[in-house]
$ cat protein-v8.pdb   # PDB, C-alpha atoms
ATOM      1  CA  MET E   1      70.121  96.082  77.365
ATOM      2  CA  VAL E   2      70.924  92.553  76.234
ATOM      3  CA  SER E   3      67.717  92.523  74.185
ATOM      4  CA  VAL E   4      68.666  95.766  72.406
ATOM      5  CA  GLN E   5      72.150  94.480  71.621
ATOM      6  CA  ARG E   6      70.671  91.267  70.267
ATOM      7  CA  LYS E   7      68.341  93.200  67.935
ATOM      8  CA  VAL E   8      71.200  95.381  66.695
ATOM      9  CA  SER E   9      73.369  92.315  66.077
ATOM     10  CA  ALA E  10      70.504  90.618  64.261
ATOM     11  CA  ARG E  11      70.037  93.576  61.919
ATOM     12  CA  ALA E  12      73.771  93.730  61.263
ATOM     13  CA  LEU E  13      74.025  90.016  60.519
ATOM     14  CA  LEU E  14      70.908  90.170  58.358
ATOM     15  CA  ALA E  15      72.478  92.906  56.228
ATOM     16  CA  VAL E  16      75.658  90.847  56.017
ATOM     17  CA  GLY E  17      73.703  87.726  55.136
ATOM     18  CA  ALA E  18      71.774  89.449  52.352
ATOM     19  CA  VAL E  19      74.957  90.441  50.539
ATOM     20  CA  GLY E  20      76.660  87.170  51.349
ATOM     21  CA  LEU E  21      73.858  85.414  49.504
ATOM     22  CA  SER E  22      74.475  87.551  46.434
ATOM     23  CA  LEU E  23      77.977  86.071  46.255
ATOM     24  CA  LEU E  24      76.383  82.695  45.595
ATOM     25  CA  ALA E  25      74.556  84.044  42.571
ATOM     26  CA  LEU E  26      77.649  85.838  41.295
ATOM     27  CA  ALA E  27      79.584  82.591  41.432
ATOM     28  CA  CYS E  28      77.274  81.192  38.781
ATOM     29  CA  ALA E  29      76.940  84.339  36.675
ATOM     30  CA  PRO E  30      77.840  84.013  32.974
ATOM     31  CA  GLN E  31      81.097  85.647  31.926
ATOM     32  CA  THR E  32      82.125  86.922  28.493
ATOM     33  CA  SER E  33      85.762  85.975  29.064
ATOM     34  CA  GLY E  34      87.713  83.890  31.532
ATOM     35  CA  PRO E  35      90.799  84.644  33.619
ATOM     36  CA  PRO E  36      94.256  83.529  32.460
ATOM     37  CA  PRO E  37      95.280  79.889  33.017
ATOM     38  CA  SER E  38      96.539  78.855  36.434
ATOM     39  CA  THR E  39      97.118  75.654  38.355
ATOM     40  CA  THR E  40      95.446  74.179  41.371
ATOM     41  CA  THR E  41      95.051  70.936  43.220
ATOM     42  CA  THR E  42      92.234  68.715  41.955
ATOM     43  CA  THR E  43      90.479  65.461  42.738
ATOM     44  CA  THR E  44      92.489  63.546  40.136
ATOM     45  CA  SER E  45      96.070  63.233  38.943
ATOM     46  CA  THR E  46      95.237  65.292  35.866
ATOM     47  CA  THR E  47      94.417  68.994  35.848
ATOM     48  CA  LEU E  48      92.792  70.587  32.828
ATOM     49  CA  PRO E  49      93.992  74.082  31.891
ATOM     50  CA  TRP E  50      91.396  76.814  32.360
ATOM     51  CA  SER E  51      89.509  77.876  29.245
ATOM     52  CA  THR E  52      86.389  79.951  28.673
ATOM     53  CA  PRO E  53      83.227  77.790  28.893
ATOM     54  CA  THR E  54      81.877  76.866  25.459
ATOM     55  CA  GLY E  55      78.587  75.295  26.536
ATOM     56  CA  VAL E  56      75.134  76.769  27.038
ATOM     57  CA  TRP E  57      74.400  79.297  29.802
ATOM     58  CA  THR E  58      71.046  78.827  31.525
ATOM     59  CA  SER E  59      69.696  81.667  33.674
ATOM     60  CA  PHE E  60      67.368  80.887  36.564
ATOM     61  CA  ASN E  61      66.058  82.215  39.869
ATOM     62  CA  LEU E  62      66.863  81.061  43.383
ATOM     63  CA  THR E  63      65.306  81.514  46.796
ATOM     64  CA  CYS E  64      68.039  81.829  49.418
ATOM     65  CA  HIS E  65      67.751  81.243  53.141
ATOM     66  CA  VAL E  66      69.834  82.553  56.028
ATOM     67  CA  ASN E  67      69.408  82.054  59.774
ATOM     68  CA  VAL E  68      70.304  85.059  61.908
ATOM     69  CA  LEU E  69      70.240  84.569  65.666
ATOM     70  CA  GLY E  70      67.558  81.903  65.387
ATOM     71  CA  ALA E  71      65.369  83.771  62.886
ATOM     72  CA  ASP E  72      65.023  82.582  59.267
ATOM     73  CA  TYR E  73      65.059  85.052  56.372
ATOM     74  CA  THR E  74      64.686  84.497  52.620
ATOM     75  CA  PHE E  75      66.031  86.469  49.664
ATOM     76  CA  PRO E  76      65.517  86.193  45.892
ATOM     77  CA  GLN E  77      68.590  85.737  43.691
ATOM     78  CA  SER E  78      69.314  85.166  40.009
ATOM     79  CA  ALA E  79      72.054  82.907  38.687
ATOM     80  CA  SER E  80      73.161  80.865  35.677
ATOM     81  CA  VAL E  81      75.168  77.727  34.914
ATOM     82  CA  ASN E  82      77.171  76.692  31.842
ATOM     83  CA  VAL E  83      76.798  73.081  30.634
ATOM     84  CA  ASP E  84      78.560  71.463  27.663
ATOM     85  CA  ALA E  85      77.293  67.949  26.897
ATOM     86  CA  PRO E  86      76.235  65.894  23.861
ATOM     87  CA  ALA E  87      72.599  66.102  22.744
ATOM     88  CA  THR E  88      72.444  62.346  22.112
ATOM     89  CA  VAL E  89      74.430  59.258  23.095
ATOM     90  CA  SER E  90      74.036  55.562  22.452
ATOM     91  CA  ALA E  91      72.983  53.098  25.141
ATOM     92  CA  GLY E  92      76.135  51.887  26.889
ATOM     93  CA  GLN E  93      78.233  54.788  25.565
ATOM     94  CA  VAL E  94      80.777  56.556  27.765
ATOM     95  CA  PHE E  95      80.603  60.344  27.327
ATOM     96  CA  ASP E  96      81.720  63.626  28.908
ATOM     97  CA  ALA E  97      79.764  66.602  30.243
ATOM     98  CA  THR E  98      81.350  69.815  31.539
ATOM     99  CA  VAL E  99      79.732  72.044  34.162
ATOM    100  CA  ALA E 100      81.217  75.511  34.740
ATOM    101  CA  PRO E 101      80.552  78.215  37.341
ATOM    102  CA  GLY E 102      81.826  81.711  36.538
ATOM    103  CA  PRO E 103      84.411  83.917  38.284
ATOM    104  CA  PHE E 104      83.365  86.383  40.974
ATOM    105  CA  ASN E 105      84.869  89.184  43.047
ATOM    106  CA  VAL E 106      85.069  88.744  46.820
ATOM    107  CA  PRO E 107      84.237  92.062  48.579
ATOM    108  CA  THR E 108      86.306  93.428  51.439
ATOM    109  CA  GLN E 109      83.336  94.943  53.289
ATOM    110  CA  VAL E 110      79.598  94.364  53.429
ATOM    111  CA  GLN E 111      77.340  97.111  54.798
ATOM    112  CA  GLY E 112      80.368  98.554  56.601
ATOM    113  CA  TYR E 113      81.352  95.229  58.176
ATOM    114  CA  ALA E 114      84.749  93.742  57.296
ATOM    115  CA  LEU E 115      84.580  90.379  55.552
ATOM    116  CA  THR E 116      87.086  87.865  56.921
ATOM    117  CA  ASP E 117      86.618  85.161  54.286
ATOM    118  CA  ILE E 118      84.133  83.038  52.377
ATOM    119  CA  HIS E 119      84.473  79.273  52.543
ATOM    120  CA  ALA E 120      82.726  75.901  52.198
ATOM    121  CA  PHE E 121      81.274  76.628  48.744
ATOM    122  CA  THR E 122      79.155  73.599  47.809
ATOM    123  CA  ILE E 123      76.845  72.830  44.876
ATOM    124  CA  ARG E 124      74.725  69.668  44.745
ATOM    125  CA  PHE E 125      73.584  68.204  41.424
ATOM    126  CA  PRO E 126      71.132  65.257  41.307
ATOM    127  CA  LEU E 127      72.743  62.258  39.608
ATOM    128  CA  SER E 128      70.523  60.959  36.800
ATOM    129  CA  PRO E 129      69.428  57.332  37.279
ATOM    130  CA  ASN E 130      70.118  56.770  33.564
ATOM    131  CA  VAL E 131      73.895  57.186  33.922
ATOM    132  CA  GLN E 132      76.697  55.600  35.872
ATOM    133  CA  PHE E 133      79.357  57.998  37.189
ATOM    134  CA  VAL E 134      82.793  56.993  35.867
ATOM    135  CA  ASP E 135      85.245  59.791  36.693
ATOM    136  CA  SER E 136      85.752  63.551  36.911
ATOM    137  CA  VAL E 137      88.602  65.927  36.161
ATOM    138  CA  MET E 138      88.677  69.509  37.422
ATOM    139  CA  SER E 139      90.192  72.405  35.521
ATOM    140  CA  ALA E 140      92.623  74.919  36.917
ATOM    141  CA  GLY E 141      91.320  77.737  39.071
ATOM    142  CA  ILE E 142      92.511  81.043  40.526
ATOM    143  CA  ASN E 143      92.580  82.402  44.097
ATOM    144  CA  MET E 144      90.653  79.462  45.517
ATOM    145  CA  GLY E 145      92.660  79.271  48.746
ATOM    146  CA  PRO E 146      94.526  76.287  50.187
ATOM    147  CA  GLY E 147      91.456  74.038  50.426
ATOM    148  CA  TYR E 148      91.221  70.961  48.190
ATOM    149  CA  PRO E 149      88.479  71.173  45.501
ATOM    150  CA  SER E 150      86.583  67.933  45.049
ATOM    151  CA  LEU E 151      83.648  66.197  43.451
ATOM    152  CA  SER E 152      82.048  63.136  44.996
ATOM    153  CA  VAL E 153      78.897  61.034  44.663
ATOM    154  CA  GLU E 154      76.865  61.177  47.875
ATOM    155  CA  GLY E 155      73.382  59.752  48.271
ATOM    156  CA  GLY E 156      72.390  60.166  44.641
ATOM    157  CA  TYR E 157      73.995  63.612  44.261
ATOM    158  CA  LEU E 158      77.156  64.880  42.597
ATOM    159  CA  VAL E 159      78.606  67.161  45.267
ATOM    160  CA  TYR E 160      80.969  69.887  43.994
ATOM    161  CA  ARG E 161      83.046  71.470  46.774
ATOM    162  CA  VAL E 162      85.563  74.312  46.794
ATOM    163  CA  PRO E 163      86.455  74.773  50.493
ATOM    164  CA  GLY E 164      88.505  77.966  50.105
ATOM    165  CA  PRO E 165      88.801  80.130  52.044
ATOM    166  CA  PHE E 166      88.364  82.911  49.478
ATOM    167  CA  VAL E 167      90.289  86.072  50.401
ATOM    168  CA  PRO E 168      88.453  89.430  50.408
ATOM    169  CA  GLY E 169      89.470  91.630  47.477
ATOM    170  CA  SER E 170      90.395  88.676  45.244
ATOM    171  CA  THR E 171      88.813  87.480  42.010
ATOM    172  CA  VAL E 172      88.017  83.788  42.351
ATOM    173  CA  GLN E 173      87.719  81.397  39.440
ATOM    174  CA  MET E 174      86.456  78.054  40.643
ATOM    175  CA  PRO E 175      87.284  75.050  38.463
ATOM    176  CA  LYS E 176      85.176  73.641  35.691
ATOM    177  CA  ASP E 177      84.438  69.955  36.134
ATOM    178  CA  ARG E 178      84.570  67.517  33.240
ATOM    179  CA  LEU E 179      82.363  64.600  34.227
ATOM    180  CA  THR E 180      82.565  61.187  32.571
ATOM    181  CA  PHE E 181      79.436  59.023  32.570
ATOM    182  CA  LYS E 182      78.254  55.751  31.066
ATOM    183  CA  ALA E 183      74.743  55.761  29.622
ATOM    184  CA  ILE E 184      72.906  52.892  31.347
ATOM    185  CA  GLY E 185      69.300  53.930  30.679
ATOM    186  CA  PRO E 186      67.142  52.326  27.983
ATOM    187  CA  SER E 187      66.778  53.743  24.495
ATOM    188  CA  GLY E 188      64.540  56.816  24.574
ATOM    189  CA  SER E 189      65.412  57.752  28.163
ATOM    190  CA  THR E 190      67.116  61.025  29.041
ATOM    191  CA  VAL E 191      69.980  62.300  31.169
ATOM    192  CA  GLN E 192      69.104  65.656  32.699
ATOM    193  CA  THR E 193      71.500  68.176  34.240
ATOM    194  CA  GLN E 194      69.894  69.904  37.225
ATOM    195  CA  MET E 195      70.920  71.656  40.459
ATOM    196  CA  ALA E 196      69.555  70.860  43.908
ATOM    197  CA  SER E 197      71.195  73.471  46.140
ATOM    198  CA  LEU E 198      73.999  76.009  46.500
ATOM    199  CA  THR E 199      75.616  76.899  49.840
ATOM    200  CA  ASN E 200      78.532  78.767  51.396
ATOM    201  CA  VAL E 201      79.662  80.297  54.683
ATOM    202  CA  ALA E 202      80.695  83.953  55.117
ATOM    203  CA  ASN E 203      82.863  84.978  58.102
ATOM    204  CA  PHE E 204      82.648  88.493  59.555
ATOM    205  CA  GLY E 205      84.032  90.084  62.677
ATOM    206  CA  ILE E 206      80.504  90.156  64.110
ATOM    207  CA  GLY E 207      79.631  86.558  63.272
ATOM    208  CA  THR E 208      79.320  83.762  60.738
ATOM    209  CA  VAL E 209      76.473  83.512  58.222
ATOM    210  CA  ASP E 210      75.458  80.201  56.607
ATOM    211  CA  ASP E 211      73.680  80.578  53.264
ATOM    212  CA  VAL E 212      71.654  78.029  51.312
ATOM    213  CA  CYS E 213      69.855  78.627  48.001
ATOM    214  CA  TYR E 214      67.379  76.481  46.073
ATOM    215  CA  PRO E 215      66.116  76.929  42.484
ATOM    216  CA  ASN E 216      62.599  78.356  42.431
ATOM    217  CA  ASP E 217      61.715  75.656  39.914
ATOM    218  CA  PRO E 218      62.844  72.351  41.501
ATOM    219  CA  ASN E 219      62.379  70.629  38.133
ATOM    220  CA  LEU E 220      64.531  73.108  36.210
ATOM    221  CA  VAL E 221      66.710  71.349  33.610
ATOM    222  CA  PHE E 222      69.933  72.972  32.354
ATOM    223  CA  TRP E 223      70.643  70.345  29.697
ATOM    224  CA  THR E 224      69.113  67.134  28.369
ATOM    225  CA  THR E 225      70.995  64.289  26.709
ATOM    226  CA  THR E 226      68.848  61.639  25.020
ATOM    227  CA  ILE E 227      69.927  57.999  24.976
ATOM    228  CA  ASN E 228      69.335  56.422  21.528
TER     229      ASN E 228
END
$ encode --input "protein-v8.pdb" --output "structure tokens"
Amino acid sequence: MVSVQRKVSARALLAVGAVGLSLLALACAPQTSGPPPSTTTTTTSTTLPWSTPTGVWTSFNLTCHVNVLGADYTFPQSASVNVDAPATVSAGQVFDATVAPGPFNVPTQVQGYALTDIHAFTIRFPLSPNVQFVDSVMSAGINMGPGYPSLSVEGGYLVYRVPGPFVPGSTVQMPKDRLTFKAIGPSGSTVQTQMASLTNVANFGIGTVDDVCYPNDPNLVFWTTTIN
């Protein structure tokens, strides 16, 4: 009897995990218009007002992984990211680049199971060796929960976190992040914007599902800035 219950729970969590993973892709889906301005806490003393991203959207494919009761499953997903950065900079120049995820709707139920919340949304971007991180300023966001959005440099990665929790039935707009760098690479080198991984945690009455997604092309570049 315990074995049967375990199999039923595994199937239920697998169904939940499959849709939970789709939320990750939706969070990076391009949008034709943004939500109205709002305010939120940020990592700095300055908060940028929300505005529709004006950079370039890049579409790409992900392979997502979820562990259900000790078993690993994978799912394909599509996503996109908006990047606004200069095409060229001079050696030693300080410049800005803006990275923007899109808004997404948080469902109230998945496969008949009530969603409690989604939290711990984290994106990791490799930090180019040809730049020095100077500062970051986050924009406003909407319905992001009481958690404190942040961006930090950890082990060679820019780590973008929106802890949430995101409430079921809400439309979440996570903040854009305006990043300030100093070009420290030699003339002719490049600064590439890439993504390493995308994760979140979905809570349900029947359990918690941890999701992690990786780009199918680990060398995928969203934007390249050349140092003159």
$ resolve_selection --input "protein-v8.pdb" --expression "the PyMOL selection byres ((chain E and resi 66) around 7)" --output "number ranges by chain"
E: 17, 64-65, 67-68, 72-74, 210-212
$ resolve_selection --input "protein-v8.pdb" --expression "the PyMOL selection byres ((chain E and resi 111-116) around 6)" --output "short mmCIF file (atom, residue, chain, number, x, y, z; two decimals) with C-alpha atoms, in the frame of the given file"
data_model
loop_
_atom_site.label_atom_id
_atom_site.label_comp_id
_atom_site.auth_asym_id
_atom_site.auth_seq_id
_atom_site.Cartn_x
_atom_site.Cartn_y
_atom_site.Cartn_z
CA THR E 108 86.31 93.43 51.44
CA GLN E 109 83.34 94.94 53.29
CA VAL E 110 79.60 94.36 53.43
CA ASP E 117 86.62 85.16 54.29
CA ASN E 203 82.86 84.98 58.10
CA PHE E 204 82.65 88.49 59.56
#
$ closest_residue --input "protein-v8.pdb" --among "E:Pro186, E:Gly207, E:Pro107, E:Gly147" --to "Gly169 (chain E)" --atoms "only C-alpha atoms"
E:Pro107
$ closest_residue --input "protein-v8.pdb" --among "E:Leu158, E:Met144, E:Val191, E:Val153" --to "Thr171 (chain E)" --atoms "all atoms listed in the file"
E:Met144
$ resolve_selection --input "protein-v8.pdb" --expression "the PyMOL selection byres ((chain E and resi 176) around 7)" --output "MDAnalysis selection string"
chainID E and resid 98:101 138:139 174:175 177:178
$ residues_around --input "protein-v8.pdb" --residues "Pro163 (chain E)" --least-positions-apart "2" --cutoff "8 Å" --atoms "only C-alpha atoms" --output "NGL selection string"
:E and (119-122 or 145 or 147-149 or 161 or 165)
$ closest_residue --input "protein-v8.pdb" --among "E:Gly155, E:Pro218, E:Pro129, E:Pro103" --to "Leu62 (chain E)" --atoms "all atoms listed in the file"
E:Pro218
$ atom_distance --input "protein-v8.pdb" --atom1 "CA of Asn130 (chain E)" --atom2 "CA of Ala183 (chain E)"
6.2 Å
$ atom_distance --input "protein-v8.pdb" --atom1 "CA of Asn219 (chain E)" --atom2 "CA of Ser78 (chain E)"
16.2 Å
$ atom_distance --input "protein-v8.pdb" --atom1 "CA of Gln93 (chain E)" --atom2 "CA of Gly188 (chain E)"
13.9 Å
$ axis_aligned_box --input "protein-v8.pdb" --around "region 47-50 of chain E" --padding-each-side "8 Å" --output "JSON"
{"center_x": 92.9, "center_y": 72.9, "center_z": 33.9, "size_x": 19.0, "size_y": 23.8, "size_z": 20.0}
$ closest_residue --input "protein-v8.pdb" --among "E:Val83, E:Leu220, E:Leu198, E:Ile142" --to "Val167 (chain E)" --atoms "only C-alpha atoms"
E:Ile142
